[in-house]
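K.L.:
You'll find structure.pdb just under this line, and it carries PDB, C-alpha atoms and all ligand atoms.
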```pdb
ATOM      1  CA  MET A   1     150.120 181.535  90.305
ATOM      2  CA  ASP A   2     152.078 183.925  88.117
ATOM      3  CA  ILE A   3     150.249 184.564  84.866
ATOM      4  CA  HIS A   4     150.706 187.058  82.052
ATOM      5  CA  LEU A   5     148.467 187.848  79.131
ATOM      6  CA  THR A   6     149.904 189.797  76.216
ATOM      7  CA  VAL A   7     147.918 191.216  73.340
ATOM      8  CA  ASP A   8     149.400 192.276  70.024
ATOM      9  CA  GLN A   9     147.308 195.379  69.431
ATOM     10  CA  LYS A  10     148.240 195.451  65.744
ATOM     11  CA  LEU A  11     146.664 192.039  65.255
ATOM     12  CA  CYS A  12     143.809 192.100  67.779
ATOM     13  CA  LYS A  13     140.440 192.602  66.057
ATOM     14  CA  ARG A  14     138.643 193.212  69.357
ATOM     15  CA  CYS A  15     136.254 190.372  68.474
ATOM     16  CA  TYR A  16     136.109 189.392  72.153
ATOM     17  CA  ALA A  17     136.161 185.648  71.510
ATOM     18  CA  CYS A  18     138.679 185.427  74.373
ATOM     19  CA  ILE A  19     136.335 187.321  76.710
ATOM     20  CA  SER A  20     133.336 185.171  75.736
ATOM     21  CA  GLU A  21     135.149 181.862  76.048
ATOM     22  CA  CYS A  22     136.981 182.387  79.350
ATOM     23  CA  PRO A  23     135.186 179.952  81.692
ATOM     24  CA  PHE A  24     135.465 182.300  84.673
ATOM     25  CA  ASP A  25     135.127 185.725  83.035
ATOM     26  CA  LEU A  26     138.711 186.568  83.872
ATOM     27  CA  ILE A  27     139.270 188.779  80.825
ATOM     28  CA  ASN A  28     137.696 192.155  80.193
ATOM     29  CA  ALA A  29     138.338 195.024  77.785
ATOM     30  CA  ASP A  30     140.670 197.891  78.711
ATOM     31  CA  SER A  31     139.789 201.527  78.011
ATOM     32  CA  ASP A  32     140.884 201.069  74.370
ATOM     33  CA  GLY A  33     138.807 197.937  73.996
ATOM     34  CA  PHE A  34     141.727 195.475  74.057
ATOM     35  CA  PRO A  35     141.495 192.347  76.172
ATOM     36  CA  GLN A  36     143.216 192.422  79.547
ATOM     37  CA  LEU A  37     143.460 189.992  82.405
ATOM     38  CA  ARG A  38     141.492 190.752  85.558
ATOM     39  CA  LYS A  39     143.368 190.552  88.876
ATOM     40  CA  ALA A  40     141.147 187.632  89.883
ATOM     41  CA  ALA A  41     142.937 185.542  87.245
ATOM     42  CA  LEU A  42     145.874 185.154  89.619
ATOM     43  CA  ARG A  43     143.625 183.072  91.886
ATOM     44  CA  ARG A  44     141.010 181.719  89.541
ATOM     45  CA  CYS A  45     142.589 180.968  86.165
ATOM     46  CA  ILE A  46     142.262 177.225  85.530
ATOM     47  CA  ARG A  47     145.071 177.212  82.907
ATOM     48  CA  CYS A  48     142.772 176.004  80.134
ATOM     49  CA  GLY A  49     144.536 178.155  77.522
ATOM     50  CA  HIS A  50     141.246 178.813  75.736
ATOM     51  CA  CYS A  51     141.836 182.585  75.419
ATOM     52  CA  MET A  52     144.994 181.993  73.373
ATOM     53  CA  ALA A  53     143.550 179.023  71.482
ATOM     54  CA  VAL A  54     140.312 180.741  70.405
ATOM     55  CA  CYS A  55     141.889 184.060  69.345
ATOM     56  CA  THR A  56     140.776 184.667  65.760
ATOM     57  CA  ALA A  57     143.918 186.663  64.898
ATOM     58  CA  ASP A  58     146.724 184.903  66.841
ATOM     59  CA  ALA A  59     146.987 188.183  68.721
ATOM     60  CA  LEU A  60     146.794 186.862  72.249
ATOM     61  CA  ASP A  61     149.434 185.039  74.211
ATOM     62  CA  ILE A  62     149.239 183.700  77.739
ATOM     63  CA  SER A  63     152.156 182.523  79.842
ATOM     64  CA  ILE A  64     150.460 179.355  81.067
ATOM     65  CA  SER A  65     149.960 178.097  77.473
ATOM     66  CA  PRO A  66     152.275 179.972  75.088
ATOM     67  CA  LEU A  67     151.091 180.620  71.550
ATOM     68  CA  ALA A  68     154.497 179.660  70.108
ATOM     69  CA  GLU A  69     154.188 176.157  71.596
ATOM     70  CA  SER A  70     150.626 175.503  70.472
ATOM     71  CA  LEU A  71     149.726 173.449  67.403
ATOM     72  CA  LEU A  72     147.209 174.756  64.901
ATOM     73  CA  VAL A  73     143.973 172.768  64.558
ATOM     74  CA  ASN A  74     144.177 170.961  61.211
ATOM     75  CA  LYS A  75     140.670 170.676  59.765
ATOM     76  CA  ASP A  76     141.937 168.204  57.141
ATOM     77  CA  LEU A  77     142.830 165.738  59.895
ATOM     78  CA  LEU A  78     139.415 165.818  61.536
ATOM     79  CA  PRO A  79     137.359 162.668  60.904
ATOM     80  CA  SER A  80     133.931 162.827  59.323
ATOM     81  CA  PRO A  81     130.832 162.137  61.465
ATOM     82  CA  GLU A  82     130.649 158.735  59.726
ATOM     83  CA  SER A  83     134.259 157.948  60.700
ATOM     84  CA  VAL A  84     133.685 158.947  64.308
ATOM     85  CA  LYS A  85     130.456 156.925  64.448
ATOM     86  CA  HIS A  86     132.205 153.879  63.009
ATOM     87  CA  LEU A  87     135.205 154.232  65.334
ATOM     88  CA  LEU A  88     132.993 154.527  68.421
ATOM     89  CA  GLU A  89     130.579 151.767  67.429
ATOM     90  CA  SER A  90     133.160 149.252  66.262
ATOM     91  CA  ARG A  91     135.437 149.392  69.330
ATOM     92  CA  ARG A  92     134.978 146.245  71.408
ATOM     93  CA  SER A  93     136.229 144.986  74.737
ATOM     94  CA  ILE A  94     138.914 142.467  73.812
ATOM     95  CA  ARG A  95     139.363 139.338  75.884
ATOM     96  CA  THR A  96     141.867 137.318  73.833
ATOM     97  CA  TYR A  97     145.247 138.840  73.152
ATOM     98  CA  LYS A  98     148.247 137.948  71.044
ATOM     99  CA  LYS A  99     151.503 137.460  72.935
ATOM    100  CA  LYS A 100     153.015 140.317  70.890
ATOM    101  CA  LYS A 101     153.937 143.375  72.929
ATOM    102  CA  ALA A 102     153.129 146.900  71.817
ATOM    103  CA  ASN A 103     156.059 149.195  71.096
ATOM    104  CA  HIS A 104     156.907 151.521  73.946
ATOM    105  CA  SER A 105     156.430 154.469  71.558
ATOM    106  CA  VAL A 106     152.839 153.368  70.790
ATOM    107  CA  LEU A 107     151.999 153.097  74.488
ATOM    108  CA  GLU A 108     153.555 156.514  75.012
ATOM    109  CA  ALA A 109     151.567 158.009  72.116
ATOM    110  CA  ILE A 110     148.198 156.768  73.370
ATOM    111  CA  LEU A 111     148.940 157.916  76.918
ATOM    112  CA  ASP A 112     149.917 161.303  75.576
ATOM    113  CA  VAL A 113     146.534 161.772  73.860
ATOM    114  CA  SER A 114     144.725 160.957  77.116
ATOM    115  CA  ARG A 115     146.016 164.274  78.518
ATOM    116  CA  TYR A 116     143.400 166.005  76.391
ATOM    117  CA  ALA A 117     140.411 164.382  78.098
ATOM    118  CA  PRO A 118     138.225 166.926  79.886
ATOM    119  CA  SER A 119     138.762 167.264  83.632
ATOM    120  CA  ALA A 120     136.771 169.166  86.219
ATOM    121  CA  HIS A 121     138.194 172.669  86.610
ATOM    122  CA  ASN A 122     140.930 171.536  84.213
ATOM    123  CA  LYS A 123     142.685 170.073  87.262
ATOM    124  CA  GLN A 124     144.175 167.252  85.172
ATOM    125  CA  PRO A 125     144.552 165.092  88.260
ATOM    126  CA  VAL A 126     145.069 161.813  86.416
ATOM    127  CA  HIS A 127     148.232 159.800  87.051
ATOM    128  CA  TRP A 128     149.015 156.665  85.090
ATOM    129  CA  ILE A 129     150.832 153.481  85.841
ATOM    130  CA  MET A 130     151.618 151.539  82.684
ATOM    131  CA  VAL A 131     152.514 147.946  83.410
ATOM    132  CA  GLU A 132     154.520 147.241  80.301
ATOM    133  CA  ASP A 133     155.929 143.868  81.344
ATOM    134  CA  PRO A 134     153.533 140.985  80.541
ATOM    135  CA  ALA A 135     155.005 138.912  83.397
ATOM    136  CA  GLU A 136     154.077 141.680  85.848
ATOM    137  CA  VAL A 137     150.534 141.850  84.439
ATOM    138  CA  LYS A 138     150.264 138.096  85.020
ATOM    139  CA  ARG A 139     151.631 138.460  88.556
ATOM    140  CA  LEU A 140     148.956 141.086  89.293
ATOM    141  CA  ALA A 141     146.244 138.815  87.880
ATOM    142  CA  GLY A 142     147.478 136.070  90.219
ATOM    143  CA  MET A 143     147.231 138.432  93.196
ATOM    144  CA  VAL A 144     143.647 139.304  92.270
ATOM    145  CA  VAL A 145     142.841 135.582  92.093
ATOM    146  CA  THR A 146     144.395 135.096  95.555
ATOM    147  CA  TRP A 147     142.181 137.935  96.827
ATOM    148  CA  MET A 148     139.136 136.230  95.299
ATOM    149  CA  ALA A 149     140.133 132.935  96.912
ATOM    150  CA  GLU A 150     140.528 134.588 100.335
ATOM    151  CA  LEU A 151     137.059 136.137 100.050
ATOM    152  CA  LYS A 152     135.623 132.990  98.457
ATOM    153  CA  VAL A 153     134.157 134.947  95.542
ATOM    154  CA  PHE A 154     134.155 134.318  91.791
ATOM    155  CA  PRO A 155     134.897 130.562  92.088
ATOM    156  CA  GLY A 156     134.713 130.122  88.307
ATOM    157  CA  LEU A 157     137.552 132.596  87.779
ATOM    158  CA  ILE A 158     139.650 130.848  90.430
ATOM    159  CA  ARG A 159     139.050 127.435  88.824
ATOM    160  CA  ALA A 160     140.011 128.863  85.427
ATOM    161  CA  TRP A 161     143.219 130.333  86.876
ATOM    162  CA  ASP A 162     144.090 126.954  88.396
ATOM    163  CA  LYS A 163     143.753 125.462  84.915
ATOM    164  CA  GLY A 164     146.086 128.119  83.506
ATOM    165  CA  VAL A 165     143.398 130.431  82.091
ATOM    166  CA  ASP A 166     143.492 134.080  83.146
ATOM    167  CA  LYS A 167     139.943 135.447  83.211
ATOM    168  CA  VAL A 168     140.977 138.437  85.318
ATOM    169  CA  LEU A 169     143.433 140.253  83.066
ATOM    170  CA  ARG A 170     142.831 137.943  80.121
ATOM    171  CA  GLY A 171     146.496 137.344  79.360
ATOM    172  CA  ALA A 172     146.817 140.951  78.166
ATOM    173  CA  PRO A 173     150.480 141.942  77.819
ATOM    174  CA  HIS A 174     149.958 145.445  79.215
ATOM    175  CA  LEU A 175     147.842 147.150  81.837
ATOM    176  CA  ALA A 176     147.189 150.877  82.234
ATOM    177  CA  ILE A 177     145.971 152.097  85.619
ATOM    178  CA  THR A 178     144.750 155.543  86.657
ATOM    179  CA  HIS A 179     145.025 157.023  90.099
ATOM    180  CA  ALA A 180     144.415 160.497  91.482
ATOM    181  CA  ASP A 181     144.543 162.453  94.689
ATOM    182  CA  ALA A 182     140.905 162.279  95.795
ATOM    183  CA  LEU A 183     141.181 165.392  97.961
ATOM    184  CA  GLY A 184     143.189 167.506  95.515
ATOM    185  CA  SER A 185     140.673 167.090  92.697
ATOM    186  CA  GLU A 186     137.004 167.876  92.260
ATOM    187  CA  HIS A 187     135.790 164.838  90.333
ATOM    188  CA  PRO A 188     138.694 162.384  90.238
ATOM    189  CA  HIS A 189     136.533 159.405  89.285
ATOM    190  CA  GLU A 190     135.015 161.144  86.272
ATOM    191  CA  ASP A 191     138.398 162.594  85.278
ATOM    192  CA  CYS A 192     140.106 159.189  85.457
ATOM    193  CA  SER A 193     137.234 157.485  83.616
ATOM    194  CA  LEU A 194     137.314 160.040  80.820
ATOM    195  CA  ALA A 195     141.092 159.766  80.459
ATOM    196  CA  THR A 196     140.689 155.992  80.310
ATOM    197  CA  ALA A 197     137.992 156.290  77.639
ATOM    198  CA  TYR A 198     140.371 158.492  75.630
ATOM    199  CA  LEU A 199     143.143 155.919  76.065
ATOM    200  CA  ASP A 200     140.733 153.176  75.018
ATOM    201  CA  MET A 201     139.814 154.931  71.767
ATOM    202  CA  ALA A 202     143.392 156.014  71.047
ATOM    203  CA  ALA A 203     144.522 152.402  71.561
ATOM    204  CA  TYR A 204     141.868 151.205  69.123
ATOM    205  CA  SER A 205     142.988 153.741  66.518
ATOM    206  CA  HIS A 206     146.486 152.168  66.738
ATOM    207  CA  GLY A 207     145.112 148.645  66.207
ATOM    208  CA  LEU A 208     145.379 147.741  69.882
ATOM    209  CA  GLY A 209     142.621 146.004  71.782
ATOM    210  CA  SER A 210     141.592 146.865  75.304
ATOM    211  CA  CYS A 211     139.233 145.931  78.094
ATOM    212  CA  TRP A 212     138.410 147.638  81.365
ATOM    213  CA  ALA A 213     139.859 145.584  84.198
ATOM    214  CA  GLY A 214     137.082 145.745  86.780
ATOM    215  CA  PHE A 215     138.253 142.884  88.989
ATOM    216  CA  LEU A 216     141.647 144.428  89.613
ATOM    217  CA  VAL A 217     140.047 147.739  90.578
ATOM    218  CA  GLN A 218     137.617 145.887  92.861
ATOM    219  CA  ALA A 219     140.510 144.204  94.682
ATOM    220  CA  ILE A 220     142.163 147.589  95.193
ATOM    221  CA  HIS A 221     138.911 149.168  96.408
ATOM    222  CA  HIS A 222     138.674 146.328  98.935
ATOM    223  CA  ARG A 223     142.101 147.524 100.030
ATOM    224  CA  TYR A 224     143.849 144.317  99.038
ATOM    225  CA  GLN A 225     147.324 145.382 100.083
ATOM    226  CA  PRO A 226     149.509 143.098  97.920
ATOM    227  CA  VAL A 227     148.121 144.711  94.738
ATOM    228  CA  ILE A 228     148.346 148.227  96.176
ATOM    229  CA  ASP A 229     151.947 147.570  97.266
ATOM    230  CA  ALA A 230     152.904 146.006  93.926
ATOM    231  CA  LEU A 231     151.645 149.087  92.075
ATOM    232  CA  GLU A 232     153.246 151.459  94.593
ATOM    233  CA  ILE A 233     150.178 153.698  94.703
ATOM    234  CA  PRO A 234     150.948 156.838  96.753
ATOM    235  CA  GLU A 235     149.041 156.876 100.062
ATOM    236  CA  THR A 236     147.236 160.088  99.114
ATOM    237  CA  ASN A 237     145.887 158.591  95.898
ATOM    238  CA  THR A 238     143.012 156.326  94.922
ATOM    239  CA  VAL A 239     142.951 153.980  91.949
ATOM    240  CA  TYR A 240     139.925 154.567  89.733
ATOM    241  CA  THR A 241     140.322 152.574  86.534
ATOM    242  CA  ALA A 242     142.454 149.949  84.854
ATOM    243  CA  LEU A 243     142.600 148.995  81.197
ATOM    244  CA  MET A 244     144.064 145.825  79.680
ATOM    245  CA  LEU A 245     145.941 146.475  76.450
ATOM    246  CA  GLY A 246     147.381 144.302  73.696
ATOM    247  CA  TYR A 247     146.888 143.210  70.114
ATOM    248  CA  PRO A 248     143.589 141.356  69.618
ATOM    249  CA  LYS A 249     143.862 137.731  68.580
ATOM    250  CA  PHE A 250     140.505 137.954  66.781
ATOM    251  CA  ARG A 251     139.038 140.757  64.699
ATOM    252  CA  TYR A 252     135.375 141.579  65.209
ATOM    253  CA  ARG A 253     133.541 141.433  61.897
ATOM    254  CA  HIS A 254     130.209 142.843  63.063
ATOM    255  CA  ILE A 255     128.890 145.509  65.364
ATOM    256  CA  PRO A 256     126.592 143.910  67.954
ATOM    257  CA  GLN A 257     123.217 145.366  68.960
ATOM    258  CA  ARG A 258     122.852 147.670  71.939
ATOM    259  CA  ASP A 259     119.748 148.759  73.805
ATOM    260  CA  PRO A 260     117.693 151.436  72.091
ATOM    261  CA  LEU A 261     118.437 154.979  73.115
ATOM    262  CA  THR A 262     116.434 156.146  76.099
ATOM    263  CA  VAL A 263     115.938 159.853  75.997
ATOM    264  CA  ILE A 264     113.245 162.309  76.878
ATOM    265  CA  TRP A 265     113.154 165.281  74.550
ATOM    266  CA  ARG A 266     111.690 168.411  76.046
TER     267      ARG A 266
HETATM  268  C1  LIG B   1     133.824 149.994  84.655
HETATM  269  C2  LIG B   1     133.946 148.786  83.774
HETATM  270  C3  LIG B   1     134.506 147.623  84.266
HETATM  271  C4  LIG B   1     134.636 146.510  83.446
HETATM  272  N1  LIG B   1     135.265 145.392  83.929
HETATM  273  C5  LIG B   1     135.466 144.324  83.125
HETATM  274  C6  LIG B   1     136.186 143.180  83.585
HETATM  275  O1  LIG B   1     136.678 143.120  84.718
HETATM  276  N2  LIG B   1     136.352 142.132  82.748
HETATM  277  C7  LIG B   1     135.842 142.139  81.477
HETATM  278  O2  LIG B   1     136.008 141.156  80.763
HETATM  279  N3  LIG B   1     135.153 143.227  81.010
HETATM  280  C8  LIG B   1     134.970 144.310  81.793
HETATM  281  N4  LIG B   1     134.316 145.429  81.305
HETATM  282  C9  LIG B   1     133.872 145.453  79.887
HETATM  283  C10 LIG B   1     132.338 145.359  79.723
HETATM  284  O3  LIG B   1     131.912 144.056  80.026
HETATM  285  C11 LIG B   1     132.028 145.742  78.261
HETATM  286  O4  LIG B   1     132.317 147.107  78.080
HETATM  287  C12 LIG B   1     130.579 145.483  77.894
HETATM  288  O5  LIG B   1     130.278 144.119  77.930
HETATM  289  C13 LIG B   1     130.234 145.995  76.471
HETATM  290  O6  LIG B   1     131.081 145.412  75.498
HETATM  291  P1  LIG B   1     131.914 146.369  74.511
HETATM  292  O7  LIG B   1     132.845 147.194  75.370
HETATM  293  O8  LIG B   1     132.664 145.446  73.596
HETATM  294  O9  LIG B   1     130.919 147.216  73.784
HETATM  295  C14 LIG B   1     134.169 146.542  82.108
HETATM  296  C15 LIG B   1     133.613 147.733  81.626
HETATM  297  C16 LIG B   1     133.529 148.844  82.428
HETATM  298  C17 LIG B   1     132.975 150.126  81.850
END
```
The structure in this file should be written as structure tokens.
P.N.:
Amino acid sequence: MDIHLTVDQKLCKRCYACISECPFDLINADSDGFPQLRKAALRRCIRCGHCMAVCTADALDISISPLAESLLVNKDLLPSPESVKHLLESRRSIRTYKKKKANHSVLEAILDVSRYAPSAHNKQPVHWIMVEDPAEVKRLAGMVVTWMAELKVFPGLIRAWDKGVDKVLRGAPHLAITHADALGSEHPHEDCSLATAYLDMAAYSHGLGSCWAGFLVQAIHHRYQPVIDALEIPETNTVYTALMLGYPKFRYRHIPQRDPLTVIWR
């Protein structure tokens, strides 16, 4: 990988934030005390961009994440601890959706935010399939029901489907699915789950409801080919998560109880 680090010596305060924050110690100080990239960076830089992003004087630029293209962190836009707590605690899994579709631009915006989820070694291995067409989501739900019928599992869900009630994808108009190359990434399951959790919260912040679609993922993990073929998952890749999306028919008024925290403090 070609990679260049440039330091504006007039601006650099030699605070060494870049040196401290580099995850793999790939920056050291030159004979004048200015940061420089070690040769090992060519092999080991994970393209996190932290050196540029943490620089206290905007003095450092790196080719893999140019300073000119990076947004400044806006403290005024950061939510308070109370807001974050309320956002996290009030999100619910939604199982009844309005027929209304989400705008393409909203789906694009929430997917875009998911790129900022942490990933092991910053590999960013997550690929998305967004099933935007409600008819296609329904078709997939039907395939999962057929899979259940073939295996003779979840008879209640099959009966419901036969009566016109979708308990698999809950009549959601949209479905977001993650997949990743299991061999090309270090922790693809965690990476996909985190990206999905980001999508989940971003969706909620836009007024969308969501619910993890476990049955669909189960069918794929059982290698149920019709679903795999319908989604056109590359052979190298594994599906890890799926999330139903749509506008909630009902608004939750209360936050339900959860188990008490279990933690050992040492
Ligand atoms: C991996 C995973 C798979 C899930 N699969 C389903 C599912 O197939 N259908 C469903 O209705 N809910 C599913 N859920 C949602 C959980 O039931 C839900 O998160 C839990 O009951 C807590 O409710 P809350 O999300 O509203 O706090 C799944 C959740 C996770 C994390």
K.L.:
Quick one: residues within 8 Å of ligand LIG 1 (chain B), with all atoms listed in the file, as a PyMOL selection string?
P.N.:
chain A and resi 89+91-95+167-170+211-216+241+256
K.L.:
I need the residue set behind the PyMOL selection byres (((chain A and resi 32) around 12) and not hetatm) for this file; please write it as a ChimeraX atom specification.
P.N.:
/A:9,12-14,28-31,33-36
K.L.:
Need the neighbours of (145.7, 186.6, 65.2): which residues are at most 12 Å away, counting all atoms listed in the file, as a tab-separated table (two decimals) with C-alpha atoms, in the coordinates of the input?
P.N.:
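Below is the file that was written, point35.tsv:
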```tsv
chain	number	residue	atom	x	y	z
A	7	VAL	CA	147.92	191.22	73.34
A	8	ASP	CA	149.40	192.28	70.02
A	9	GLN	CA	147.31	195.38	69.43
A	10	LYS	CA	148.24	195.45	65.74
A	11	LEU	CA	146.66	192.04	65.26
A	12	CYS	CA	143.81	192.10	67.78
A	13	LYS	CA	140.44	192.60	66.06
A	14	ARG	CA	138.64	193.21	69.36
A	15	CYS	CA	136.25	190.37	68.47
A	17	ALA	CA	136.16	185.65	71.51
A	18	CYS	CA	138.68	185.43	74.37
A	51	CYS	CA	141.84	182.58	75.42
A	52	MET	CA	144.99	181.99	73.37
A	53	ALA	CA	143.55	179.02	71.48
A	54	VAL	CA	140.31	180.74	70.40
A	55	CYS	CA	141.89	184.06	69.34
A	56	THR	CA	140.78	184.67	65.76
A	57	ALA	CA	143.92	186.66	64.90
A	58	ASP	CA	146.72	184.90	66.84
A	59	ALA	CA	146.99	188.18	68.72
A	60	LEU	CA	146.79	186.86	72.25
A	61	ASP	CA	149.43	185.04	74.21
A	67	LEU	CA	151.09	180.62	71.55
A	72	LEU	CA	147.21	174.76	64.90
```
K.L.:
For the PyMOL selection byres (((chain A and resi 106) around 12) and not hetatm), applied here, can you spell out every residue it catches as an MDAnalysis selection string?
P.N.:
chainID A and resid 101:105 107:113 132 174 199 202:208 245:247
K.L.:
Hey, what comes out of the PyMOL selection byres (((chain A and resi 123) around 8) and not hetatm) on this file? Could you write it as a count of residues only?
P.N.:
9
K.L.:
What would segment 120-134 of chain A look like with N, CA and C atoms restored, written as a PDB file, keeping the file's coordinate frame?
P.N.:
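Done, and the output landed in result_33.pdb:
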```
ATOM      1  N   ALA A 120     137.484 168.128  85.472  1.00  0.00           N
ATOM      2  CA  ALA A 120     136.771 169.166  86.219  1.00  0.00           C
ATOM      3  C   ALA A 120     137.743 170.270  86.611  1.00  0.00           C
ATOM      4  N   HIS A 121     137.350 171.509  86.325  1.00  0.00           N
ATOM      5  CA  HIS A 121     138.194 172.669  86.610  1.00  0.00           C
ATOM      6  C   HIS A 121     139.566 172.565  85.941  1.00  0.00           C
ATOM      7  N   ASN A 122     139.650 171.760  84.914  1.00  0.00           N
ATOM      8  CA  ASN A 122     140.930 171.536  84.213  1.00  0.00           C
ATOM      9  C   ASN A 122     142.047 171.161  85.189  1.00  0.00           C
ATOM     10  N   LYS A 123     141.680 170.431  86.236  1.00  0.00           N
ATOM     11  CA  LYS A 123     142.685 170.073  87.262  1.00  0.00           C
ATOM     12  C   LYS A 123     143.692 169.054  86.749  1.00  0.00           C
ATOM     13  N   GLN A 124     143.291 168.279  85.741  1.00  0.00           N
ATOM     14  CA  GLN A 124     144.175 167.252  85.172  1.00  0.00           C
ATOM     15  C   GLN A 124     144.835 166.413  86.269  1.00  0.00           C
ATOM     16  N   PRO A 125     143.989 165.789  87.098  1.00  0.00           N
ATOM     17  CA  PRO A 125     144.552 165.092  88.260  1.00  0.00           C
ATOM     18  C   PRO A 125     145.028 163.664  87.975  1.00  0.00           C
ATOM     19  N   VAL A 126     144.873 163.240  86.723  1.00  0.00           N
ATOM     20  CA  VAL A 126     145.069 161.813  86.416  1.00  0.00           C
ATOM     21  C   VAL A 126     146.551 161.437  86.387  1.00  0.00           C
ATOM     22  N   HIS A 127     146.888 160.392  87.113  1.00  0.00           N
ATOM     23  CA  HIS A 127     148.232 159.800  87.051  1.00  0.00           C
ATOM     24  C   HIS A 127     148.084 158.402  86.483  1.00  0.00           C
ATOM     25  N   TRP A 128     149.063 158.006  85.697  1.00  0.00           N
ATOM     26  CA  TRP A 128     149.015 156.665  85.090  1.00  0.00           C
ATOM     27  C   TRP A 128     150.119 155.768  85.630  1.00  0.00           C
ATOM     28  N   ILE A 129     149.795 154.508  85.703  1.00  0.00           N
ATOM     29  CA  ILE A 129     150.832 153.481  85.841  1.00  0.00           C
ATOM     30  C   ILE A 129     150.652 152.595  84.620  1.00  0.00           C
ATOM     31  N   MET A 130     151.701 152.448  83.836  1.00  0.00           N
ATOM     32  CA  MET A 130     151.618 151.539  82.684  1.00  0.00           C
ATOM     33  C   MET A 130     152.456 150.308  83.004  1.00  0.00           C
ATOM     34  N   VAL A 131     151.787 149.202  83.185  1.00  0.00           N
ATOM     35  CA  VAL A 131     152.514 147.946  83.410  1.00  0.00           C
ATOM     36  C   VAL A 131     152.843 147.409  82.030  1.00  0.00           C
ATOM     37  N   GLU A 132     154.099 147.558  81.666  1.00  0.00           N
ATOM     38  CA  GLU A 132     154.520 147.241  80.301  1.00  0.00           C
ATOM     39  C   GLU A 132     154.949 145.777  80.186  1.00  0.00           C
ATOM     40  N   ASP A 133     155.361 145.220  81.322  1.00  0.00           N
ATOM     41  CA  ASP A 133     155.929 143.868  81.344  1.00  0.00           C
ATOM     42  C   ASP A 133     154.803 142.826  81.492  1.00  0.00           C
ATOM     43  N   PRO A 134     154.613 141.980  80.471  1.00  0.00           N
ATOM     44  CA  PRO A 134     153.533 140.985  80.541  1.00  0.00           C
ATOM     45  C   PRO A 134     153.622 140.083  81.780  1.00  0.00           C
TER      46      PRO A 134
END
```
